[in-house]
Amino acid sequence: MAQSSSPISAVAERYAGSLFELALQDNSVAKVEADLAGFEALLNGSDDLKRLINSPVFSSEDQAKAIAAIVDKAKITGLVGNFLRVVARNRRLFAVPGMIKAFRQIAAEHRGEASAEVTSAHALTAAQQTELKATLKSIAGKDVAIAMTVDPSLLGGLIVKMGSRQIDTSLKTKLNSLKLALKEVG
């Protein structure tokens with residue numbers, strides 16, 4: 001695993017590595033990935049939940065109680081449910097998004113896949129995702145696990161991050177480049 005310069009990344013990678021080892025022993029890597037994706041969807045859909053995990057104002061006890069209630073309500077059980085409770089008790093909730101990302105990368109590497117983060121202006125159809133996977137496979141030389149997110153502010157196009165490479169074909173970036181070019185001319 002590559003060394004990260006950020007202390008948050010280091011914490012996230014350690015926790016993700018531990019969770020992966022437990023999931024591997026339990027033969028439940030796919031279930032853990034699905035449960036983490038479910039929690040990530042909750043996190044992306046709730047500003048209050050984001051505030052809970054990022055704010056130092058909440059005590060460890062408050063965070064642990066809130067996470068336990070959320071996990072129970074969302075029916076996130078087993079390793080991920082216990083994992084999130086431990087993370088909350090240890091005051092590491094701020095690193096959960098990084099932990100999810102690191103877990104995906106570790107799981108993809110274990111399966112012999114490359115992992116890619118794709119941000120699009122709107123949700124991609126199944127056919128578009130299949131075509132994107134095929135294109136990324138031809139670039140990476142192996143199967144690619146894709147983590148999709150939607151960001152309407154991109155206006156159109158995609159941003160693909162795979163390893164240390166980033167391909168940005170978003171309309172937002174193209175318009176910003178055009179704006180800079182026009183400022184230089186004028």
# chains A, B, ... in the order shown; residues from 1 in each chain; ligands from 1
>>> select_by_dssp(residues="chain A", states="alpha helix (DSSP H)", output="number ranges by chain")
A: 7-25, 29-45, 47-54, 60-73, 78-89, 96-110, 126-140, 171-185
>>> residues_around(residues="Leu79 of chain A", least_positions_apart="5", cutoff="10 Å", atoms="only C-alpha atoms", output="ChimeraX atom specification")
/A:19-20,22-23,26,28-29,31-32,35,84-85
>>> write_last_selection(atoms="N, CA and C atoms", output="CSV table (one decimal), in the first residue's frame")
chain,number,residue,atom,x,y,z
A,19,LEU,N,-10.3,-3.6,8.9
A,19,LEU,CA,-11.6,-4.0,8.5
A,19,LEU,C,-11.5,-5.1,7.4
A,20,PHE,N,-10.6,-4.8,6.4
A,20,PHE,CA,-10.5,-5.8,5.3
A,20,PHE,C,-10.0,-7.1,5.8
A,22,LEU,N,-10.5,-8.5,8.7
A,22,LEU,CA,-11.6,-9.1,9.4
A,22,LEU,C,-12.6,-9.6,8.4
A,23,ALA,N,-12.9,-8.9,7.4
A,23,ALA,CA,-13.8,-9.3,6.3
A,23,ALA,C,-13.3,-10.5,5.6
A,26,ASP,N,-13.7,-13.5,7.7
A,26,ASP,CA,-15.2,-13.8,7.8
A,26,ASP,C,-15.8,-14.2,6.4
A,28,SER,N,-16.5,-12.2,4.0
A,28,SER,CA,-17.7,-11.3,3.8
A,28,SER,C,-17.2,-10.0,3.2
A,29,VAL,N,-16.2,-10.0,2.3
A,29,VAL,CA,-15.7,-8.8,1.7
A,29,VAL,C,-16.8,-8.1,0.9
A,31,LYS,N,-20.1,-8.3,1.2
A,31,LYS,CA,-21.1,-7.7,2.1
A,31,LYS,C,-20.6,-6.5,2.8
A,32,VAL,N,-19.4,-6.5,3.2
A,32,VAL,CA,-18.8,-5.3,3.9
A,32,VAL,C,-18.7,-4.1,2.9
A,35,ASP,N,-22.3,-2.8,2.5
A,35,ASP,CA,-22.7,-2.1,3.7
A,35,ASP,C,-22.0,-0.7,3.8
A,84,LEU,N,-18.3,0.7,12.6
A,84,LEU,CA,-18.7,2.2,12.8
A,84,LEU,C,-18.9,2.5,14.2
A,85,ARG,N,-19.4,1.6,15.0
A,85,ARG,CA,-19.5,1.9,16.5
A,85,ARG,C,-18.1,2.1,17.1
>>> select_by_dssp(residues="chain A", states="strand (DSSP E or B)", output="list in words")
Ala114, Ser115, Ala116, Glu117, Val118, Thr119, Ser120, Val144, Ala145, Ile146, Ala147, Met148, Thr149, Val150, Leu158, Ile159, Val160, Lys161, Met162, Arg165, Gln166, Ile167 and Asp168 of chain A
>>> write_last_selection(atoms="N, CA, C and O atoms", output="PDB file, in the first residue's frame")
ATOM      1  N   ALA A 114      -8.178  -2.831 -10.687  1.00  0.00           N
ATOM      2  CA  ALA A 114      -7.800  -1.454 -10.400  1.00  0.00           C
ATOM      3  C   ALA A 114      -9.066  -0.783  -9.881  1.00  0.00           C
ATOM      4  O   ALA A 114     -10.175  -1.242 -10.158  1.00  0.00           O
ATOM      5  N   SER A 115      -8.920   0.274  -9.123  1.00  0.00           N
ATOM      6  CA  SER A 115     -10.113   0.983  -8.659  1.00  0.00           C
ATOM      7  C   SER A 115     -10.111   2.385  -9.252  1.00  0.00           C
ATOM      8  O   SER A 115      -9.061   2.985  -9.457  1.00  0.00           O
ATOM      9  N   ALA A 116     -11.302   2.869  -9.547  1.00  0.00           N
ATOM     10  CA  ALA A 116     -11.443   4.200 -10.118  1.00  0.00           C
ATOM     11  C   ALA A 116     -12.608   4.907  -9.452  1.00  0.00           C
ATOM     12  O   ALA A 116     -13.613   4.287  -9.126  1.00  0.00           O
ATOM     13  N   GLU A 117     -12.443   6.203  -9.244  1.00  0.00           N
ATOM     14  CA  GLU A 117     -13.524   7.040  -8.736  1.00  0.00           C
ATOM     15  C   GLU A 117     -14.017   7.862  -9.909  1.00  0.00           C
ATOM     16  O   GLU A 117     -13.234   8.554 -10.566  1.00  0.00           O
ATOM     17  N   VAL A 118     -15.300   7.765 -10.182  1.00  0.00           N
ATOM     18  CA  VAL A 118     -15.875   8.473 -11.315  1.00  0.00           C
ATOM     19  C   VAL A 118     -16.943   9.430 -10.795  1.00  0.00           C
ATOM     20  O   VAL A 118     -17.853   9.028 -10.083  1.00  0.00           O
ATOM     21  N   THR A 119     -16.803  10.691 -11.160  1.00  0.00           N
ATOM     22  CA  THR A 119     -17.796  11.704 -10.815  1.00  0.00           C
ATOM     23  C   THR A 119     -18.412  12.176 -12.118  1.00  0.00           C
ATOM     24  O   THR A 119     -17.696  12.547 -13.055  1.00  0.00           O
ATOM     25  N   SER A 120     -19.730  12.135 -12.178  1.00  0.00           N
ATOM     26  CA  SER A 120     -20.426  12.562 -13.392  1.00  0.00           C
ATOM     27  C   SER A 120     -21.463  13.621 -13.039  1.00  0.00           C
ATOM     28  O   SER A 120     -21.865  13.753 -11.889  1.00  0.00           O
ATOM     29  N   VAL A 144     -11.663  -3.098 -13.726  1.00  0.00           N
ATOM     30  CA  VAL A 144     -11.696  -1.866 -12.935  1.00  0.00           C
ATOM     31  C   VAL A 144     -12.976  -1.825 -12.111  1.00  0.00           C
ATOM     32  O   VAL A 144     -14.071  -1.980 -12.651  1.00  0.00           O
ATOM     33  N   ALA A 145     -12.828  -1.636 -10.800  1.00  0.00           N
ATOM     34  CA  ALA A 145     -13.976  -1.429  -9.916  1.00  0.00           C
ATOM     35  C   ALA A 145     -14.233   0.074  -9.865  1.00  0.00           C
ATOM     36  O   ALA A 145     -13.322   0.857  -9.590  1.00  0.00           O
ATOM     37  N   ILE A 146     -15.473   0.465 -10.140  1.00  0.00           N
ATOM     38  CA  ILE A 146     -15.807   1.888 -10.223  1.00  0.00           C
ATOM     39  C   ILE A 146     -16.669   2.307  -9.041  1.00  0.00           C
ATOM     40  O   ILE A 146     -17.656   1.654  -8.725  1.00  0.00           O
ATOM     41  N   ALA A 147     -16.282   3.415  -8.408  1.00  0.00           N
ATOM     42  CA  ALA A 147     -17.104   4.050  -7.374  1.00  0.00           C
ATOM     43  C   ALA A 147     -17.691   5.311  -8.010  1.00  0.00           C
ATOM     44  O   ALA A 147     -16.958   6.233  -8.371  1.00  0.00           O
ATOM     45  N   MET A 148     -19.000   5.311  -8.191  1.00  0.00           N
ATOM     46  CA  MET A 148     -19.680   6.414  -8.882  1.00  0.00           C
ATOM     47  C   MET A 148     -20.212   7.454  -7.902  1.00  0.00           C
ATOM     48  O   MET A 148     -20.768   7.099  -6.873  1.00  0.00           O
ATOM     49  N   THR A 149     -20.049   8.725  -8.245  1.00  0.00           N
ATOM     50  CA  THR A 149     -20.715   9.805  -7.525  1.00  0.00           C
ATOM     51  C   THR A 149     -21.270  10.780  -8.564  1.00  0.00           C
ATOM     52  O   THR A 149     -20.755  10.861  -9.681  1.00  0.00           O
ATOM     53  N   VAL A 150     -22.305  11.489  -8.163  1.00  0.00           N
ATOM     54  CA  VAL A 150     -22.943  12.450  -9.055  1.00  0.00           C
ATOM     55  C   VAL A 150     -22.739  13.850  -8.483  1.00  0.00           C
ATOM     56  O   VAL A 150     -22.974  14.079  -7.304  1.00  0.00           O
ATOM     57  N   LEU A 158     -17.277  13.926 -17.345  1.00  0.00           N
ATOM     58  CA  LEU A 158     -16.842  13.053 -16.252  1.00  0.00           C
ATOM     59  C   LEU A 158     -15.510  13.512 -15.680  1.00  0.00           C
ATOM     60  O   LEU A 158     -14.715  14.150 -16.371  1.00  0.00           O
ATOM     61  N   ILE A 159     -15.282  13.130 -14.434  1.00  0.00           N
ATOM     62  CA  ILE A 159     -13.949  13.205 -13.837  1.00  0.00           C
ATOM     63  C   ILE A 159     -13.637  11.793 -13.383  1.00  0.00           C
ATOM     64  O   ILE A 159     -14.386  11.203 -12.595  1.00  0.00           O
ATOM     65  N   VAL A 160     -12.550  11.227 -13.900  1.00  0.00           N
ATOM     66  CA  VAL A 160     -12.161   9.861 -13.561  1.00  0.00           C
ATOM     67  C   VAL A 160     -10.813   9.911 -12.852  1.00  0.00           C
ATOM     68  O   VAL A 160      -9.849  10.468 -13.394  1.00  0.00           O
ATOM     69  N   LYS A 161     -10.762   9.348 -11.647  1.00  0.00           N
ATOM     70  CA  LYS A 161      -9.506   9.244 -10.902  1.00  0.00           C
ATOM     71  C   LYS A 161      -9.173   7.768 -10.774  1.00  0.00           C
ATOM     72  O   LYS A 161      -9.943   6.997 -10.218  1.00  0.00           O
ATOM     73  N   MET A 162      -8.027   7.394 -11.317  1.00  0.00           N
ATOM     74  CA  MET A 162      -7.593   6.004 -11.248  1.00  0.00           C
ATOM     75  C   MET A 162      -6.119   6.013 -10.871  1.00  0.00           C
ATOM     76  O   MET A 162      -5.274   6.447 -11.650  1.00  0.00           O
ATOM     77  N   ARG A 165      -3.619   8.943 -11.697  1.00  0.00           N
ATOM     78  CA  ARG A 165      -4.102   9.635 -12.894  1.00  0.00           C
ATOM     79  C   ARG A 165      -5.486  10.229 -12.676  1.00  0.00           C
ATOM     80  O   ARG A 165      -6.324   9.633 -12.013  1.00  0.00           O
ATOM     81  N   GLN A 166      -5.698  11.388 -13.275  1.00  0.00           N
ATOM     82  CA  GLN A 166      -7.022  11.997 -13.268  1.00  0.00           C
ATOM     83  C   GLN A 166      -7.329  12.496 -14.675  1.00  0.00           C
ATOM     84  O   GLN A 166      -6.518  13.179 -15.287  1.00  0.00           O
ATOM     85  N   ILE A 167      -8.508  12.115 -15.152  1.00  0.00           N
ATOM     86  CA  ILE A 167      -8.976  12.559 -16.456  1.00  0.00           C
ATOM     87  C   ILE A 167     -10.218  13.399 -16.195  1.00  0.00           C
ATOM     88  O   ILE A 167     -11.193  12.908 -15.645  1.00  0.00           O
ATOM     89  N   ASP A 168     -10.149  14.671 -16.573  1.00  0.00           N
ATOM     90  CA  ASP A 168     -11.259  15.589 -16.314  1.00  0.00           C
ATOM     91  C   ASP A 168     -11.820  16.080 -17.643  1.00  0.00           C
ATOM     92  O   ASP A 168     -11.199  16.888 -18.326  1.00  0.00           O
TER      93      ASP A 168
END
>>> closest_atom_pairs(of="segment 80-166 of chain A", to="segment 42-61 of chain A", cutoff="8 Å", atoms="only C-alpha atoms", output="CSV")
residue,atom,partner,partner_atom,distance
A:Ala88,CA,A:Ser60,CA,6.5
A:Arg89,CA,A:Ser60,CA,5.6
A:Asn90,CA,A:Ser60,CA,7.3
A:Arg91,CA,A:Ser60,CA,5.8
A:Leu93,CA,A:Ile53,CA,4.9
A:Phe94,CA,A:Asn54,CA,4.8
>>> closest_residue(among="A:Ala69, A:Ala16, A:Lys75, A:Ala107", to="Ala30 of chain A", atoms="only C-alpha atoms")
A:Ala107
>>> closest_residue(among="A:Leu180, A:Ala68, A:Ala102, A:Ile76", to="Gly163 of chain A", atoms="only C-alpha atoms")
A:Ala102
>>> atom_distance(atom1="atom CA of Thr130 of chain A", atom2="atom CA of Asp143 of chain A")
11.3 Å
>>> residues_around(residues="Pro152 of chain A", least_positions_apart="5", cutoff="12 Å", atoms="only C-alpha atoms", output="PyMOL selection string")
chain A and resi 119-123+157-158+170-172
>>> atom_distance(atom1="atom CA of Glu33 of chain A", atom2="atom CA of Arg104 of chain A")
7.0 Å
>>> atom_distance(atom1="atom CA of Ala126 of chain A", atom2="atom CA of Glu109 of chain A")
23.4 Å
